[in-house]
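S.K.: One structure is given below, represented as structure tokens, and several questions about it will come after.
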Amino acid sequence: MTEIDNKVAHLAIIMDGNGRWAKKRGLPRLLGHRAGVNTLERVVYAAKDRGIRYLSVYAFSNENWNRPSVEIKGLMKLFSYYARKKLRDLVKADIRVRFAGRKEGLPDSVIKAMDVAETETSDCEKMTLIACFNYGGRQEIVDSVNRFVKEHPGEPISEDAICSNLYMPEVPDPDLIVRTSGELRLSNFWLWQSSYSEFFFTSSLWPDFTPEVLDEALNTFNKRERRYGGLK
Ligand code: FPP
């Protein structure tokens, strides 16, 4: 068990840099993604050990459809393969798995793997792992508004209305968002929920990210003063 005094309930990660990691080694990009999955596995257990209640990861964005089809197919395969292969370990570790994003457009095999993972882990309580897959923050807000308007025709849209129709209204907003690979942007991740999130950027490429860098992020978070628009 680690000594970190963790105050983060929801940690969100933009796992960036798999392609560059592979390129540096003269490998195909997909091997970078495969290395990225191994890192994700280590980070999932490290996060659980540190008492994080929700870990969300940006695994495939709405904009990732613009990549070459061979990479998209590879990511889909990798995703459904690992979603199945790691299930038993996740259940043993009491980790619940959920998916955020649009199901439309995803291959049936991926949707099936998601359904099985969500069902099999539905009673797990120690930590919730949220894989944002075919996810986009703008699309989530649009989906929320459309749902509200359909269910409450003619009613004015409020913050509460949008919040309660997001994909996972019961999940607290991310306290800390980590992005790897030195890029300094949000890229359509948790747009609504990130209003008061703290950010931690590291130059580590995602496959090189370690529990030690995670601890650095958590320690940095502890020194931040969150004012939510108010005064000290
Ligand atoms: C960004 O790196 C990473 C992605 C688009 C995919 C991340 C996905 C995984 C780690 C696998 C997810 C699978 C499961 C089972 C959850 P990049 O390709 O944009 O890297 P680059 O910017 O260096 O090109």
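Ligands are numbered from 1 in the order shown, chains are lettered A, B, ... in the order of the structure tokens, and residues start at 1 in each chain.
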Check range 84-186 of chain A with DSSP on the backbone and list each residue it calls alpha helix (DSSP H), as a PyMOL selection string.
M.R.: chain A and resi 84-85+87-92+108-120+137-151+159-164
S.K.: How close does each residue of chain A get to ligand 1, giving the shortest atom pair and distance in Å to one decimal for every residue with an atom at most 7 Å away, counting only C-alpha atoms and all ligand atoms, sorted by chain and residue number, as JSON lines?
M.R.:
{"residue": "A:Met15", "atom": "CA", "partner": "ligand 1", "partner_atom_place_in_ligand_line": "3 (C)", "distance": 5.3}
{"residue": "A:Asp16", "atom": "CA", "partner": "ligand 1", "partner_atom_place_in_ligand_line": "1 (C)", "distance": 3.8}
{"residue": "A:Gly17", "atom": "CA", "partner": "ligand 1", "partner_atom_place_in_ligand_line": "23 (O)", "distance": 3.3}
{"residue": "A:Asn18", "atom": "CA", "partner": "ligand 1", "partner_atom_place_in_ligand_line": "20 (O)", "distance": 4.1}
{"residue": "A:Gly19", "atom": "CA", "partner": "ligand 1", "partner_atom_place_in_ligand_line": "23 (O)", "distance": 3.6}
{"residue": "A:Arg20", "atom": "CA", "partner": "ligand 1", "partner_atom_place_in_ligand_line": "23 (O)", "distance": 3.6}
{"residue": "A:Trp21", "atom": "CA", "partner": "ligand 1", "partner_atom_place_in_ligand_line": "23 (O)", "distance": 6.3}
{"residue": "A:His33", "atom": "CA", "partner": "ligand 1", "partner_atom_place_in_ligand_line": "10 (C)", "distance": 5.1}
{"residue": "A:Arg34", "atom": "CA", "partner": "ligand 1", "partner_atom_place_in_ligand_line": "11 (C)", "distance": 6.7}
{"residue": "A:Gly36", "atom": "CA", "partner": "ligand 1", "partner_atom_place_in_ligand_line": "10 (C)", "distance": 4.1}
{"residue": "A:Val37", "atom": "CA", "partner": "ligand 1", "partner_atom_place_in_ligand_line": "10 (C)", "distance": 4.6}
{"residue": "A:Leu40", "atom": "CA", "partner": "ligand 1", "partner_atom_place_in_ligand_line": "10 (C)", "distance": 6.5}
{"residue": "A:Tyr58", "atom": "CA", "partner": "ligand 1", "partner_atom_place_in_ligand_line": "7 (C)", "distance": 6.7}
{"residue": "A:Ala59", "atom": "CA", "partner": "ligand 1", "partner_atom_place_in_ligand_line": "8 (C)", "distance": 4.2}
{"residue": "A:Phe60", "atom": "CA", "partner": "ligand 1", "partner_atom_place_in_ligand_line": "5 (C)", "distance": 5.5}
{"residue": "A:Asn64", "atom": "CA", "partner": "ligand 1", "partner_atom_place_in_ligand_line": "5 (C)", "distance": 6.5}
{"residue": "A:Leu75", "atom": "CA", "partner": "ligand 1", "partner_atom_place_in_ligand_line": "11 (C)", "distance": 6.6}
{"residue": "A:Leu78", "atom": "CA", "partner": "ligand 1", "partner_atom_place_in_ligand_line": "15 (C)", "distance": 6.0}
{"residue": "A:Phe79", "atom": "CA", "partner": "ligand 1", "partner_atom_place_in_ligand_line": "15 (C)", "distance": 3.9}
{"residue": "A:Ser80", "atom": "CA", "partner": "ligand 1", "partner_atom_place_in_ligand_line": "15 (C)", "distance": 6.8}
{"residue": "A:Tyr82", "atom": "CA", "partner": "ligand 1", "partner_atom_place_in_ligand_line": "15 (C)", "distance": 5.0}
{"residue": "A:Ala83", "atom": "CA", "partner": "ligand 1", "partner_atom_place_in_ligand_line": "15 (C)", "distance": 5.7}
{"residue": "A:Ala131", "atom": "CA", "partner": "ligand 1", "partner_atom_place_in_ligand_line": "16 (C)", "distance": 6.0}
S.K.: Among range 22-232 of chain A, which ones does DSSP assign to strand (DSSP E or B) (computed from the backbone)? Answer as a PyMOL selection string.
M.R.: chain A and resi 54-61+95-100+127-135+176-179+198-201
S.K.: I need the chosen residues saved as an mmCIF file, in the first residue's frame, with C-alpha atoms.
M.R.:
data_model
loop_
_atom_site.group_PDB
_atom_site.id
_atom_site.type_symbol
_atom_site.label_atom_id
_atom_site.label_comp_id
_atom_site.auth_asym_id
_atom_site.auth_seq_id
_atom_site.Cartn_x
_atom_site.Cartn_y
_atom_site.Cartn_z
ATOM 1 C CA TYR A 54 -13.489 6.781 -9.982
ATOM 2 C CA LEU A 55 -10.875 6.486 -12.705
ATOM 3 C CA SER A 56 -11.961 7.620 -16.144
ATOM 4 C CA VAL A 57 -9.814 7.238 -19.231
ATOM 5 C CA TYR A 58 -10.181 8.676 -22.719
ATOM 6 C CA ALA A 59 -9.812 5.545 -24.843
ATOM 7 C CA PHE A 60 -11.411 6.567 -28.146
ATOM 8 C CA SER A 61 -12.805 9.981 -29.011
ATOM 9 C CA ILE A 95 -13.505 -2.878 -9.776
ATOM 10 C CA ARG A 96 -16.645 -1.917 -11.635
ATOM 11 C CA VAL A 97 -16.351 -1.124 -15.335
ATOM 12 C CA ARG A 98 -18.547 1.350 -17.167
ATOM 13 C CA PHE A 99 -18.442 2.959 -20.584
ATOM 14 C CA ALA A 100 -19.242 6.516 -21.550
ATOM 15 C CA MET A 127 -13.430 1.620 -7.654
ATOM 16 C CA THR A 128 -15.280 2.414 -10.874
ATOM 17 C CA LEU A 129 -13.260 2.406 -14.077
ATOM 18 C CA ILE A 130 -14.948 4.464 -16.771
ATOM 19 C CA ALA A 131 -13.664 3.948 -20.290
ATOM 20 C CA CYS A 132 -14.731 6.825 -22.509
ATOM 21 C CA PHE A 133 -15.082 5.128 -25.836
ATOM 22 C CA ASN A 134 -16.582 6.817 -28.903
ATOM 23 C CA TYR A 135 -16.893 9.715 -26.478
ATOM 24 C CA LEU A 176 -7.967 16.045 -11.429
ATOM 25 C CA ILE A 177 -7.392 15.592 -15.158
ATOM 26 C CA VAL A 178 -3.997 14.234 -16.209
ATOM 27 C CA ARG A 179 -2.779 14.458 -19.788
ATOM 28 C CA GLU A 198 -7.461 20.755 -11.723
ATOM 29 C CA PHE A 199 -5.006 19.820 -14.478
ATOM 30 C CA PHE A 200 -1.692 18.001 -14.438
ATOM 31 C CA PHE A 201 0.356 17.764 -17.611
#
S.K.: In Å, rounded to a single decimal, give me how far CA of Glu140 in chain A is from CA of Gly51 in chain A.
M.R.: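 Going from CA of Gly51 in chain A over to CA of Glu140 in chain A, I get 27.8 Å.
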S.K.: Write out as a tab-separated table the residues of range 97-143 of chain A that have any atom within 8 Å of an atom of range 187-195 of chain A, one row each with the nearest atom pair and its distance in Å to one decimal, counting only C-alpha atoms, sorted by chain and then rising number.
M.R.:
residue	atom	partner	partner_atom	distance
A:Tyr135	CA	A:Phe189	CA	7.7
A:Gly136	CA	A:Asn188	CA	5.5
A:Gly137	CA	A:Leu191	CA	4.8
A:Arg138	CA	A:Asn188	CA	6.6
A:Ile141	CA	A:Trp192	CA	7.2
S.K.: Which is closest to Lys77 in chain A among A:Asp160, A:Glu41, A:Asp108, A:Glu212, if we use only C-alpha atoms?
M.R.: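 Among the listed residues, A:Asp108 lies closest to Lys77 in chain A.
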S.K.: What is the distance, in Å and to one decimal place, between CA of Asp123 in chain A and CA of Ile111 in chain A?
M.R.: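 Result for CA of Asp123 in chain A versus CA of Ile111 in chain A: 19.9 Å, one decimal.
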S.K.: Residues at most 8 Å from range 3-10 of chain A, counting only C-alpha atoms, excluding those fewer than 6 positions away in the same chain, as a list in words?
M.R.: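 Listing them by chain and then by number gives Arg50, Gly51, Ile52, Arg53, Tyr54, Leu55, Ser56, Pro172, Asp173, Pro174, Asp175, Leu176, Asp215, Leu218, Asn219, Phe221 and Asn222 of chain A.
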S.K.: Rounded to one decimal in Å, what is the spacing between CA of Lys86 in chain A and CA of Glu118 in chain A?
M.R.: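 CA of Glu118 in chain A lies 12.5 Å from CA of Lys86 in chain A.
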S.K.: Go through A:Tyr196, A:Glu183, A:Asn165, A:Lys223 and flag the residue nearest Lys150 in chain A, using only C-alpha atoms for the distances.
M.R.: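 Ranked by minimum distance to Lys150 in chain A, first place goes to A:Asn165.
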